[in-house]
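Asks: Please see the structure below; I have some questions.
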Amino acid sequence: MWTLALLCTVSYGALYYAQPLLAVATEQAYGWTRVQTGFAFTAALLVSAVLAPWFGRVLDRQGGRLLLSGGALSGAVAFLVLSLTDHYLLFLLGWLLAGFAMTLTFYEAVFTVLGQQVSEAFRTRATLTVTLVAGLASTIFVPLTTVLLHGAGLRVTLLGWAGLLLVMAALVWRVIPEHGQARRMRSHASFTPDPAALQLAAGLTLARIVTVGVGLQLAPLLLASGSSPGEAAALTGLLGLSALPGRVLFVPCVKWVGPAPLTVMLLGLLAVGSWLLLNAHTGGKVTGIVLFGLASGALTLARSELLVRGYPAAVYGAVNGWLTRPVNLAQAVTPLVMSGLFTWTSGYGLSLMLLGGLGGIAAWFVSSYAAKTGTQLGAAELGLLE
């Protein structure tokens with residue numbers, strides 16, 4: 001559990017949260033544009049989305065030792081390539097390798113392996129531990145990347161992250177068992193998406209659009225509304241900080257309410273939080289930021305609980321991988337859509353209204369999913385019974 005938590009923290013920190021800082025440093029070093037660095041990162045996210053379903057099925061069959069350590073190793077190779085070249089095509093290749101690494105080291109793959117290795121009685125607590133530790137990735141890696149870039153330069157920073165991911169590859173290979181509890185079921189289990197699964201995918205995909213869209217626009221919105229750079233930075237940090245108590249509170253709440261009703265409530269909070277950011281008063285914005293942060297933090301656990309309770313362990317990787325594709329595709333295109341809305345309207349009002357509405361629609365989709373799975377047996381379960 002602690003190895004998987006550390007893997008998630010290092011992977012998210014180096015491959016995701018450090019990227020904006022590395023992009024600026026790369027642009028300054030080689031004279032490239034934001035379009036070039038942004039395209040490479042979008043390509044990495046698209047690679048992750050495309051590969052996720054296939055790797056999910058492989059994780060079900062083979063377990064996580066080889067794949068997760070291979071994912072960390074590919075991340076190390078990606079940063080090594082980035083550190084040794086100033087040629088754009090090789091730079092793009094490096095980020096494509098990084099997308100491969102994301103597929104095998106981010107939450108989706110880690111939660112699949114965790115479900116294979118940890119018994120049901122301890123699963124929720126183990127998942128909470130992983131998300132609480134990995135939730136510190138931005139807190140650790142953003143300032144650390146900043147210090148390294150200013151003190152040692154771009155190449156040394158990239159080599160440092162390559163070395164750290166190489167250490168994680170060795171640690172995962174040493175610690176994670178080759179197979180988990182679900183191995184005995186693998187030869188008989190299959191997954192076919194049914195209408196209920198499609199509704200769940202739609203709800204969680206819309207939720208990702210909302211969380212990414214608000215996260216991208218929060219700091220510029222605060223600056224445009226008159227906040228000082230220090231205030232904008234503090235309030236943006238409050239969004240990430242609020243996610244931690246959201247995850248802690250999820251555990252007792254899911255026992256009282258159940259995963260599906262609680263997820264509907266969380267998606268409703270995303271909508272309310274988005275709309276409160278339109279408030280002209282600082283108090284309203286702060287309330288919206290806290291509510292949004294609590295909900296977005298808890299949704300990481302909610303997704304895992306919905307899948308684990310809805311599908312057998314033997315197909316958890318296949319379900320998670322299938323679901324990851326639309327979610328990550330949405331994550332990849334959301335920045336472009338938000339930029340287009342801002343260019344069209346010269347403000348953030350329309351995009352925040354739209355994001356709040358999408359949060360409400362996402363809640364409706366998950367509510368419909370809960371109603372269907374609560375009253376009938378889905379096609380996935382029927383396939384397993386056969």
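As shown in the structure tokens, the chain order sets the letters A, B, ...; within each chain, residues go from 1, and ligands are also counted from 1 in the order they appear.
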Name all residues at most 12 Å from stretch 148-154 of chain A (count only C-alpha atoms; drop same-chain ones fewer than 3 positions away) and give them as a list in words.

Replies: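 So the residues in contact are Ala18, Gln19, Leu21, Leu22, Ala23, Val24, Ala25, Thr26, Glu27, Gln28, Ala29, Tyr30, Phe79, Leu80, Leu82, Ser83, Leu84, Thr85, Asp86, Phe141, Val142, Pro143, Leu144, Thr145, Thr157, Leu158, Leu159, Gly160 and Trp161 of chain A.
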
Asks: So which residues touch A:Ala298 within 8 Å, counting only C-alpha atoms, skipping near sequence neighbours fewer than 2 positions away, as a ChimeraX atom specification?

Replies: /A:243,246-250,266,294-296,300-302

Asks: For those residues, write C-alpha atoms to a file as a PDB file, in the first residue's frame.

Replies:
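Output saved as result-v1.pdb:
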ATOM      1  CA  ALA A 243      -9.436  18.047  -1.170  1.00  0.00           C
ATOM      2  CA  GLY A 246     -12.920  15.781   1.555  1.00  0.00           C
ATOM      3  CA  ARG A 247     -11.172  12.425   1.230  1.00  0.00           C
ATOM      4  CA  VAL A 248     -11.035  11.871   4.976  1.00  0.00           C
ATOM      5  CA  LEU A 249     -14.749  12.655   5.402  1.00  0.00           C
ATOM      6  CA  PHE A 250     -15.644  10.348   2.527  1.00  0.00           C
ATOM      7  CA  LEU A 266     -20.587  15.391  -4.423  1.00  0.00           C
ATOM      8  CA  LEU A 294     -14.064  18.991  -0.742  1.00  0.00           C
ATOM      9  CA  ALA A 295     -16.148  17.445  -3.525  1.00  0.00           C
ATOM     10  CA  SER A 296     -13.338  16.998  -6.042  1.00  0.00           C
ATOM     11  CA  THR A 300     -11.369  10.253  -6.376  1.00  0.00           C
ATOM     12  CA  LEU A 301     -12.462   7.756  -3.730  1.00  0.00           C
ATOM     13  CA  ALA A 302     -16.071   7.707  -4.928  1.00  0.00           C
TER      14      ALA A 302
END

Asks: Any idea what's packed within 9 Å of A:Gly240, counting only C-alpha atoms, ignoring anything in its chain fewer than 5 positions away? Could you give it as a list in words?

Replies: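 Non-adjacent residues within range: Gly135, Leu136, Ser138, Thr139, Gly293, Leu294 and Gly297 of chain A.
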
Asks: Identify, on the basis of only C-alpha atoms, every residue whose closest approach to A:Leu277 does not exceed 12 Å; exclude the query and any residue fewer than 4 positions from it along the same chain; express the result as number ranges by chain.

Replies: A: 214-215, 217-219, 221-222, 225, 235, 239, 270-273, 281-292, 348-353, 355-356

Asks: From the list A:Thr105, A:Thr37, A:Ser48, A:Gln62, which residue is nearest A:Thr3 when using only C-alpha atoms?

Replies: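 Between A:Thr105, A:Thr37, A:Ser48, A:Gln62, the residue approaching A:Thr3 most closely is A:Thr105.
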
Asks: Considering only C-alpha atoms, can you say which of A:Ala280, A:Ala224, A:Leu164, A:Leu358 comes closest to A:Ser346?

Replies: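 Selected residue with least distance to A:Ser346: A:Ala224.
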
Asks: Write out as a list of chain:residue names the residues lying within 12 Å of A:Val308, counting only C-alpha atoms and excluding same-chain residues fewer than 5 positions away.

Replies: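 Answer for this query is A:Glu108, A:Phe111, A:Thr112, A:Val113, A:Leu114, A:Gly115, A:Gln116, A:Val118, A:Ser119, A:Glu120, A:Arg123, A:Thr124, A:Thr127, A:Pro259, A:Ala260, A:Leu301, A:Ala302, A:Arg303, A:Ala313, A:Ala314, A:Val315, A:Tyr316, A:Gly317, A:Ala318, A:Val319, A:Asn320.
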
Asks: Counting only C-alpha atoms, which residue out of A:Leu171, A:Phe100, A:Gly321, A:Arg309 sits closest to A:Val58?

Replies: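 Smallest separation from A:Val58 among the options: A:Gly321.
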
Asks: Go through A:Gly70, A:Pro335, A:Asp60, A:Tyr369 and flag the residue nearest A:Pro312, using only C-alpha atoms for the distances.

Replies: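 Ranking A:Gly70, A:Pro335, A:Asp60, A:Tyr369 by distance to A:Pro312, first place goes to A:Asp60.
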
Asks: Choose the residue, out of A:Leu307, A:Ala126, A:Ser242, A:Met102, that has the smallest atom-to-atom separation from A:Gly13; count only C-alpha atoms.

Replies: A:Met102

Asks: What's the 7 Å shell around A:Leu204, counting only C-alpha atoms, without same-chain residues fewer than 3 positions away, as a ChimeraX atom specification?

Replies: /A:200-201,207-208,327,362

Asks: Using only C-alpha atoms, pick whichever of A:Thr33, A:Gln117, A:Ser11, A:Thr129 has the shortest atom-to-atom distance to A:Ala76.

Replies: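 Closest residue, counting only C-alpha atoms: A:Ser11.
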
Asks: Applying 9 Å and only C-alpha atoms, which residues near A:Leu7 remain after dropping the ones on its own chain fewer than 3 positions away? List them as JSON, numbers by chain.

Replies: {"A": [2, 3, 4, 10, 11, 12, 68, 72, 105, 106, 110, 134, 165, 168, 169, 171, 172]}

Asks: Quote the spacing between atom CA of A:Leu66 and atom CA of A:Glu178 in Å to one decimal place.

Replies: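 Pair atom CA of A:Leu66 / atom CA of A:Glu178 returns 7.5 Å.
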